[in-house]
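Heads up, coords_31.csv below (CSV, C-alpha atoms):
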```csv
chain,number,residue,atom,x,y,z
A,1,MET,CA,6.6,-22.3,-28.7
A,2,THR,CA,5.7,-19.7,-26.0
A,3,GLN,CA,2.3,-21.3,-25.3
A,4,ASN,CA,4.0,-24.8,-25.1
A,5,GLY,CA,6.6,-23.4,-22.7
A,6,ASN,CA,3.9,-21.8,-20.5
A,7,LEU,CA,2.0,-25.1,-20.4
A,8,LYS,CA,5.1,-27.1,-19.4
A,9,ARG,CA,5.7,-24.6,-16.5
A,10,LYS,CA,2.2,-24.9,-15.3
A,11,VAL,CA,2.4,-28.7,-15.4
A,12,ARG,CA,5.7,-28.8,-13.5
A,13,ALA,CA,4.4,-26.3,-10.9
A,14,ARG,CA,1.3,-28.4,-10.4
A,15,ALA,CA,3.3,-31.6,-10.1
A,16,ALA,CA,5.6,-30.1,-7.5
A,17,ARG,CA,2.6,-28.8,-5.5
A,18,THR,CA,0.4,-31.9,-5.6
A,19,GLY,CA,3.0,-34.7,-5.8
A,20,GLU,CA,1.4,-36.0,-9.1
A,21,SER,CA,3.3,-37.4,-12.0
A,22,TYR,CA,4.0,-35.1,-14.9
A,23,THR,CA,1.4,-37.0,-17.0
A,24,SER,CA,-1.3,-36.9,-14.3
A,25,ALA,CA,-0.7,-33.1,-13.8
A,26,LEU,CA,-0.9,-32.6,-17.6
A,27,SER,CA,-4.2,-34.4,-17.8
A,28,HIS,CA,-5.7,-32.3,-15.0
A,29,ILE,CA,-4.6,-29.0,-16.6
A,30,ARG,CA,-6.0,-30.0,-20.0
A,31,LYS,CA,-9.3,-31.3,-18.6
A,32,PRO,CA,-12.1,-28.7,-18.8
A,33,LYS,CA,-13.2,-27.4,-15.4
A,34,THR,CA,-16.5,-26.0,-14.4
A,35,ALA,CA,-15.5,-25.3,-10.8
A,36,PRO,CA,-12.3,-25.1,-8.8
A,37,GLN,CA,-10.9,-28.5,-7.6
A,38,PRO,CA,-10.5,-29.0,-3.8
A,39,HIS,CA,-6.7,-28.9,-4.1
A,40,GLU,CA,-6.8,-25.8,-6.3
A,41,PRO,CA,-8.3,-22.9,-4.3
A,42,ALA,CA,-10.1,-20.3,-6.4
A,43,GLY,CA,-8.3,-17.0,-6.9
A,44,LYS,CA,-9.8,-13.9,-5.1
A,45,SER,CA,-10.8,-10.7,-6.8
A,46,LEU,CA,-11.7,-7.2,-5.7
A,47,ARG,CA,-12.2,-3.9,-7.5
A,48,LEU,CA,-9.8,-1.3,-6.1
A,49,ALA,CA,-9.8,2.4,-6.6
A,50,VAL,CA,-6.9,4.8,-5.9
A,51,ALA,CA,-7.2,8.6,-5.8
A,52,GLN,CA,-5.0,11.6,-6.3
A,53,THR,CA,-6.4,14.6,-4.5
A,54,THR,CA,-5.8,18.4,-4.0
A,55,VAL,CA,-3.0,19.1,-1.5
A,56,ARG,CA,-3.8,21.5,1.4
A,57,LEU,CA,-0.8,22.7,3.4
A,58,ASP,CA,-2.2,25.2,5.9
A,59,PRO,CA,-3.3,23.4,9.1
A,60,ARG,CA,-4.9,26.7,10.3
A,61,ASP,CA,-7.4,26.9,7.4
A,62,ALA,CA,-10.6,25.1,8.4
A,63,ASP,CA,-12.3,26.1,5.1
A,64,ALA,CA,-9.6,24.2,3.2
A,65,PHE,CA,-10.2,21.2,5.4
A,66,ARG,CA,-13.9,21.3,4.4
A,67,ALA,CA,-13.1,21.7,0.7
A,68,ASN,CA,-10.8,18.7,0.7
A,69,GLY,CA,-13.4,16.7,2.7
A,70,ALA,CA,-16.0,17.5,0.1
A,71,GLU,CA,-13.6,16.5,-2.7
A,72,MET,CA,-12.9,13.2,-0.9
A,73,ARG,CA,-16.6,12.4,-0.7
A,74,ARG,CA,-17.1,13.2,-4.4
A,75,SER,CA,-14.3,10.7,-5.1
A,76,MET,CA,-16.1,8.2,-2.9
A,77,ARG,CA,-19.3,8.5,-4.8
A,78,GLN,CA,-17.5,8.2,-8.1
A,79,ALA,CA,-15.6,5.1,-6.9
A,80,SER,CA,-18.9,3.5,-5.7
A,81,GLU,CA,-20.6,4.2,-9.0
A,82,ALA,CA,-17.7,2.4,-10.8
A,83,GLY,CA,-18.1,-0.7,-8.6
A,84,ALA,CA,-15.1,-0.2,-6.3
A,85,ARG,CA,-15.1,-2.1,-3.0
A,86,LEU,CA,-12.2,-0.1,-1.6
A,87,LEU,CA,-11.0,3.4,-2.2
A,88,HIS,CA,-7.4,4.4,-1.2
A,89,PHE,CA,-6.3,8.0,-0.6
A,90,SER,CA,-3.0,9.8,0.0
A,91,GLU,CA,-1.1,10.8,3.1
A,92,GLY,CA,-2.7,13.8,4.8
A,93,THR,CA,-5.8,13.6,2.6
A,94,ILE,CA,-7.7,16.4,4.3
A,95,CYS,CA,-4.6,18.5,5.1
A,96,PHE,CA,-0.9,17.7,4.8
A,97,PRO,CA,0.4,20.2,7.3
A,98,HIS,CA,3.5,22.1,6.1
A,99,LYS,CA,6.5,21.9,8.4
A,100,ARG,CA,7.2,25.6,8.2
A,101,ILE,CA,3.6,26.7,9.0
A,102,LEU,CA,3.5,24.3,12.0
A,103,SER,CA,7.0,25.3,13.2
A,104,GLU,CA,6.8,27.3,16.5
A,105,ILE,CA,9.8,29.3,15.2
A,106,GLY,CA,8.7,29.4,11.6
A,107,PRO,CA,8.2,30.1,8.8
A,108,THR,CA,11.8,31.0,8.0
A,109,GLU,CA,13.1,28.2,10.3
A,110,ILE,CA,11.9,24.6,11.0
A,111,GLY,CA,11.4,23.9,14.6
A,112,ALA,CA,9.2,21.9,16.9
A,113,ALA,CA,5.7,21.7,15.5
A,114,ASP,CA,3.0,23.7,17.3
A,115,TRP,CA,0.0,21.3,16.9
A,116,SER,CA,-2.3,23.8,18.6
A,117,ARG,CA,-2.3,25.5,15.1
A,118,TYR,CA,-3.9,22.5,13.6
A,119,GLN,CA,-7.7,22.6,13.1
A,120,TRP,CA,-8.5,19.4,15.0
A,121,GLU,CA,-12.2,20.0,15.3
A,122,ALA,CA,-12.6,20.6,11.5
A,123,LEU,CA,-10.7,17.4,10.9
A,124,ARG,CA,-13.0,15.5,13.2
A,125,GLU,CA,-16.1,16.8,11.5
A,126,GLU,CA,-14.8,15.9,8.0
A,127,LEU,CA,-13.8,12.4,9.2
A,128,GLU,CA,-17.2,11.8,10.7
A,129,GLU,CA,-18.9,12.8,7.4
A,130,THR,CA,-16.5,10.5,5.5
A,131,ARG,CA,-17.3,7.6,7.9
A,132,LYS,CA,-21.1,8.1,7.4
A,133,LEU,CA,-20.7,8.2,3.6
A,134,ALA,CA,-18.6,5.0,3.6
A,135,LYS,CA,-21.5,3.3,5.4
A,136,LYS,CA,-24.1,4.6,3.0
A,137,LEU,CA,-22.1,3.6,0.0
A,138,ARG,CA,-20.9,0.3,1.5
A,139,LEU,CA,-17.4,1.3,0.5
A,140,TRP,CA,-14.2,0.6,2.4
A,141,THR,CA,-12.2,3.8,2.6
A,142,VAL,CA,-8.5,4.3,3.6
A,143,PHE,CA,-7.2,7.8,4.0
A,144,GLY,CA,-4.3,9.7,5.7
A,145,ALA,CA,-4.6,12.1,8.6
A,146,PRO,CA,-2.6,13.0,11.8
A,147,HIS,CA,-3.8,11.1,14.8
A,148,ARG,CA,-3.7,13.1,18.0
A,149,LEU,CA,-2.2,11.6,21.1
A,150,THR,CA,-2.3,12.6,24.8
A,151,ALA,CA,-0.3,15.7,25.5
A,152,PRO,CA,2.7,16.2,25.5
A,153,HIS,CA,3.2,13.5,22.9
A,154,ARG,CA,3.3,14.4,19.2
A,155,PRO,CA,0.6,12.9,16.9
A,156,HIS,CA,1.1,9.9,14.7
A,157,ASN,CA,1.1,10.3,10.9
A,158,SER,CA,-1.6,7.8,10.2
A,159,LEU,CA,-3.9,5.9,7.8
A,160,TYR,CA,-7.4,5.3,8.9
A,161,VAL,CA,-9.3,2.3,7.7
A,162,ILE,CA,-13.1,2.7,7.5
A,163,SER,CA,-15.1,-0.4,6.7
A,164,ASP,CA,-18.2,-0.6,4.5
A,165,LYS,CA,-20.2,-0.5,7.7
A,166,GLY,CA,-18.8,2.9,8.5
A,167,GLU,CA,-16.6,1.6,11.4
A,168,LEU,CA,-13.1,2.6,12.1
A,169,VAL,CA,-11.6,-0.9,12.1
A,170,THR,CA,-7.9,-0.1,12.4
A,171,ARG,CA,-5.2,2.6,12.0
A,172,TYR,CA,-1.7,2.4,10.6
A,173,ASP,CA,1.0,4.8,12.0
A,174,GLU,CA,4.0,5.6,9.8
A,175,ARG,CA,7.0,3.9,11.4
A,176,LEU,CA,10.1,5.0,9.4
A,177,LEU,CA,9.8,8.7,9.4
A,178,SER,CA,11.9,11.4,7.6
A,179,HIS,CA,14.4,13.4,9.5
A,180,THR,CA,12.1,16.4,9.8
A,181,LYS,CA,9.1,14.3,10.8
A,182,ILE,CA,10.9,12.5,13.6
A,183,SER,CA,12.8,15.6,14.8
A,184,PHE,CA,10.0,18.1,14.8
A,185,MET,CA,6.6,16.7,14.0
A,186,TYR,CA,5.4,13.2,14.7
A,187,SER,CA,5.7,10.2,17.0
A,188,PRO,CA,6.6,7.0,15.1
A,189,GLY,CA,4.4,4.0,14.9
A,190,ARG,CA,5.5,0.5,16.1
A,191,ILE,CA,3.7,-2.3,14.3
A,192,PRO,CA,2.5,-3.4,10.8
A,193,VAL,CA,-1.2,-3.4,10.2
A,194,THR,CA,-3.3,-5.7,8.1
A,195,PHE,CA,-7.1,-6.0,7.4
A,196,GLU,CA,-9.3,-8.1,5.1
A,197,VAL,CA,-11.9,-7.2,2.6
A,198,ASP,CA,-13.8,-9.9,0.8
A,199,GLY,CA,-11.1,-12.5,1.7
A,200,MET,CA,-8.2,-10.3,0.4
A,201,ARG,CA,-5.6,-9.1,2.9
A,202,PHE,CA,-4.2,-5.6,2.8
A,203,GLY,CA,-1.3,-4.0,4.5
A,204,CYS,CA,-0.5,-0.3,5.0
A,205,ALA,CA,2.5,1.9,4.5
A,206,ALA,CA,2.9,5.7,4.5
A,207,GLY,CA,5.2,8.7,3.9
A,208,MET,CA,8.6,7.7,2.8
A,209,GLU,CA,8.4,4.0,3.6
A,210,SER,CA,8.7,2.9,0.0
A,211,HIS,CA,12.4,3.6,0.5
A,212,TYR,CA,12.6,0.7,2.9
A,213,PRO,CA,12.2,-2.8,1.4
A,214,GLU,CA,12.0,-4.4,4.8
A,215,ILE,CA,8.5,-2.8,5.3
A,216,PHE,CA,7.3,-4.6,2.2
A,217,ILE,CA,9.1,-7.9,2.8
A,218,GLU,CA,7.4,-7.9,6.3
A,219,TYR,CA,4.0,-7.6,4.6
A,220,GLU,CA,4.9,-10.5,2.3
A,221,ARG,CA,5.5,-12.6,5.3
A,222,LEU,CA,2.2,-11.5,6.7
A,223,ASP,CA,0.6,-13.0,3.6
A,224,VAL,CA,-1.0,-9.8,2.2
A,225,ASP,CA,-2.4,-9.6,-1.3
A,226,CYS,CA,-1.9,-5.8,-1.6
A,227,VAL,CA,-0.1,-3.0,0.2
A,228,LEU,CA,-1.7,0.4,0.3
A,229,PHE,CA,1.1,3.0,0.2
A,230,SER,CA,0.1,6.6,0.8
A,231,THR,CA,2.5,9.4,0.4
A,232,SER,CA,2.2,13.2,-0.1
A,233,GLY,CA,3.4,14.2,-3.5
A,234,GLU,CA,3.7,17.8,-2.5
A,235,THR,CA,7.0,18.1,-4.5
A,236,PRO,CA,6.6,16.5,-8.0
A,237,SER,CA,10.4,16.3,-8.5
A,238,ALA,CA,10.6,13.8,-5.6
A,239,ALA,CA,8.1,11.4,-7.1
A,240,PRO,CA,10.0,9.2,-9.6
A,241,PRO,CA,11.9,7.2,-7.0
A,242,PHE,CA,8.7,6.5,-5.1
A,243,ALA,CA,6.9,5.3,-8.2
A,244,ALA,CA,9.9,3.1,-9.3
A,245,GLU,CA,10.1,1.6,-5.8
A,246,VAL,CA,6.4,0.7,-5.8
A,247,LEU,CA,6.8,-1.2,-9.0
A,248,GLY,CA,9.9,-3.0,-7.6
A,249,HIS,CA,8.1,-4.0,-4.4
A,250,ALA,CA,5.1,-5.3,-6.3
A,251,ALA,CA,7.4,-7.4,-8.6
A,252,SER,CA,9.8,-8.7,-5.9
A,253,ASN,CA,7.0,-9.7,-3.5
A,254,THR,CA,4.5,-10.9,-6.1
A,255,TYR,CA,1.6,-8.8,-4.8
A,256,TRP,CA,-0.3,-5.7,-5.7
A,257,VAL,CA,0.7,-2.2,-4.5
A,258,SER,CA,-1.6,0.8,-4.6
A,259,TYR,CA,0.2,4.1,-4.8
A,260,ALA,CA,-1.8,7.2,-3.6
A,261,ALA,CA,-0.3,10.7,-3.6
A,262,HIS,CA,-1.5,14.3,-4.1
A,263,ALA,CA,-2.4,15.6,-7.5
A,264,PRO,CA,0.5,18.0,-8.2
A,265,GLN,CA,3.0,15.2,-8.6
A,266,SER,CA,0.9,13.4,-11.2
A,267,VAL,CA,2.5,15.5,-14.0
A,268,ILE,CA,5.6,13.3,-13.3
A,269,ALA,CA,4.3,10.2,-11.5
A,270,PRO,CA,0.5,9.9,-11.2
A,271,SER,CA,-1.2,7.7,-8.5
A,272,GLY,CA,-1.7,4.2,-9.6
A,273,ILE,CA,-2.0,0.5,-8.9
A,274,ALA,CA,1.0,-1.8,-9.5
A,275,ALA,CA,0.4,-5.4,-10.5
A,276,PRO,CA,2.5,-8.3,-9.2
A,277,ASN,CA,4.4,-8.4,-12.5
A,278,GLY,CA,5.9,-5.0,-11.8
A,279,GLN,CA,3.7,-3.1,-14.3
A,280,TRP,CA,1.1,-0.4,-13.8
A,281,ALA,CA,-2.4,-1.9,-14.0
A,282,ALA,CA,-4.0,1.5,-13.8
A,283,LEU,CA,-2.8,5.1,-13.5
A,284,CYS,CA,-4.6,8.4,-12.7
A,285,PRO,CA,-4.5,11.2,-15.2
A,286,ALA,CA,-1.1,12.9,-15.5
A,287,ASP,CA,-2.5,16.4,-15.5
A,288,GLY,CA,-2.0,17.7,-12.0
A,289,ALA,CA,-5.7,17.5,-11.2
A,290,PRO,CA,-7.6,15.2,-8.8
A,291,GLY,CA,-8.6,11.9,-10.3
A,292,LEU,CA,-9.2,8.2,-9.8
A,293,ALA,CA,-7.9,5.0,-11.3
A,294,PHE,CA,-9.4,1.5,-11.0
A,295,ALA,CA,-8.1,-2.1,-11.2
A,296,ASP,CA,-9.7,-5.5,-10.6
A,297,ILE,CA,-7.0,-6.9,-8.4
A,298,THR,CA,-6.8,-10.7,-8.3
A,299,THR,CA,-4.8,-13.5,-6.8
A,300,ASN,CA,-3.5,-16.5,-8.7
A,301,PRO,CA,-3.0,-19.6,-6.5
A,302,GLU,CA,-1.2,-21.4,-9.3
A,303,ASN,CA,1.6,-18.8,-9.6
A,304,PRO,CA,4.7,-20.5,-8.2
A,305,ALA,CA,6.8,-17.4,-7.8
A,306,ARG,CA,5.7,-16.3,-4.3
A,307,PRO,CA,6.0,-19.8,-2.6
A,308,TRP,CA,9.3,-20.4,-4.4
A,309,ARG,CA,10.8,-17.1,-3.1
A,310,ARG,CA,9.7,-17.9,0.4
A,311,THR,CA,11.4,-21.2,0.1
A,312,ALA,CA,14.5,-19.6,-1.3
A,313,ARG,CA,14.7,-17.1,1.5
A,314,GLY,CA,14.9,-20.0,4.0
A,315,ASP,CA,17.6,-22.6,4.2
A,316,LEU,CA,17.1,-24.1,0.8
A,317,TYR,CA,20.6,-23.4,-0.5
A,318,ARG,CA,22.6,-24.3,2.6
A,319,PRO,CA,22.9,-28.1,2.0
A,320,HIS,CA,24.0,-27.4,-1.5
A,321,GLN,CA,26.8,-25.0,-0.6
A,322,VAL,CA,30.3,-26.3,-1.3
A,323,GLU,CA,32.9,-26.0,1.5
A,324,GLY,CA,36.6,-26.8,1.4
A,325,ASP,CA,37.0,-26.8,-2.3
A,326,PRO,CA,39.9,-24.6,-3.3
A,327,ARG,CA,38.3,-23.9,-6.7
A,328,SER,CA,35.4,-22.4,-4.8
A,329,ASP,CA,37.2,-20.8,-1.9
A,330,SER,CA,39.9,-19.0,-4.0
A,331,ARG,CA,38.7,-15.8,-5.6
A,332,GLU,CA,42.0,-14.9,-7.3
A,333,ALA,CA,42.0,-17.6,-10.1
A,334,PHE,CA,40.0,-18.1,-13.3
```
Could you render the structure as structure tokens?
Amino acid sequence: MTQNGNLKRKVRARAARTGESYTSALSHIRKPKTAPQPHEPAGKSLRLAVAQTTVRLDPRDADAFRANGAEMRRSMRQASEAGARLLHFSEGTICFPHKRILSEIGPTEIGAADWSRYQWEALREELEETRKLAKKLRLWTVFGAPHRLTAPHRPHNSLYVISDKGELVTRYDERLLSHTKISFMYSPGRIPVTFEVDGMRFGCAAGMESHYPEIFIEYERLDVDCVLFSTSGETPSAAPPFAAEVLGHAASNTYWVSYAAHAPQSVIAPSGIAAPNGQWAALCPADGAPGLAFADITTNPENPARPWRRTARGDLYRPHQVEGDPRSDSREAF
């Protein structure tokens, strides 16, 4: 019965899309195919890797920067050996600077960040090594780091996108910042960012932006196939809402969402890749240690959910709304 119901739904979806009769649509679906038909574009596929990494909080410790840079590149080699085309890292991958250590009146109080304490040269060296390895491995690599602006402006909290040619192709700046970040630490970004790998379109989000569905709805309108969401995971107890929201965004927008955080939070919510059905397709180990997870993310042109929801969000229902009927207008009668 379930198989028959699925077949009927596929037939109706095809008939609605192509204008064919039910019988004609049924014959095409039952007919064996050796190649996609012109009116049925082939789905796209890409092997995606997501990482959970060691969290480093002291922006003054250049040796810690180098240690996390080396860990990043080990993960890159592992991802490449597993056939990944893109590897996604957390917010502040090299260093997630602690607000109290950066605070010019800290550490007992949180004040304006003193970014002269940050090891910018060590960061630049690690990013350059990462860029060169991405080129060598032919691996797209997305990772989080502060992006320095011209003084006196505060930096952005950013995601860098390195192509498989070792080129910095774009950068996403977190837009909806926490109270501490906007008050003391960072300048907010302004625009969504998308890029393409092997025909699949990706969007970027960071920090606490999983709390804001408008970020993810905007990327649906921009026709992305996957959103790469990087957060910190410094505090494991804060992780469950982020993980739940990631699954919800994937399901409600019918696309993939990659969730990258630091390793400590994995004991409660490991990094992972959420499928368009709102289920985890892959999860990193839940052991508090660095690790990787992989999923072959795909698109399904025959899935009617996404185009239907786009239609429903428009003016579809307005002509059908009833006005002037007391049985509709009154809300105080059964």
d(atom CA of A:Gln265, atom CA of A:Pro241) in Å: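 Computing it gives 12.1 Å between the two atoms.
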Which residues of stretch 230-269 of chain A come within 9 Å of stretch 216-221 of chain A, and for each one, what is the closest pair of atoms and their distance in Å to one decimal, counting all atoms listed in the file, sorted by chain and residue number, as a tab-separated table?
```
residue	atom	partner	partner_atom	distance
A:His249	CA	A:Phe216	CA	6.7
A:Ala250	CA	A:Phe216	CA	8.8
A:Ser252	CA	A:Ile217	CA	8.8
A:Asn253	CA	A:Glu220	CA	6.2
A:Thr254	CA	A:Glu220	CA	8.4
A:Tyr255	CA	A:Glu220	CA	8.0
```
Which residue out of A:Arg73, A:Arg85, A:Arg310, A:Lys10 has the minimum interatomic distance to A:Ala295 when only C-alpha atoms are used?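 With only C-alpha atoms as the atom set, the closest residue is A:Arg85.
Nearest-residue note for A:Ala251: choosing from A:Pro59, A:Pro152, A:Pro276, A:Pro264, the minimum distance belongs to A:Pro276, counting all atoms listed in the file.
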Which residue is closest to A:Ile297? Choose from A:Arg201, A:Lys135, A:Arg318, A:His156 and count only C-alpha atoms.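 Comparing A:Arg201, A:Lys135, A:Arg318, A:His156 against A:Ile297, the winner is A:Arg201.
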Which of these, A:Ile182, A:Ala282, A:Met200, A:Ala275, has the shortest distance to A:Trp256 once you count all atoms listed in the file?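 Nearest to A:Trp256: A:Ala275.
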Could you name the residues that touch stretch 87-100 of chain A at 6 Å or less, counting all atoms listed in the file, but leaving out those on the same chain fewer than 4 positions away, as a list in words?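 Selected residues are Ala49, Val50, Ala51, Arg56, Leu57, Asp58, Pro59, Phe65, Asn68, Gly69, Gly106, Pro107, Ile110, Thr141, Val142, Phe143, Gly144, Ala145, Ser230, Thr231, Ser232, Ala260 and Ala261 of chain A.
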Would you compute, for all listed atoms of stretch 166-185 of chain A, the axis-aligned bounding box grown by 5 Å on each side, and then report its centre and edge lengths in Å rounded to one decimal, as lines of an AutoDock Vina configuration file?
```
center_x = -2.2
center_y = 8.6
center_z = 11.2
size_x = 43.2
size_y = 29.0
size_z = 17.2
```
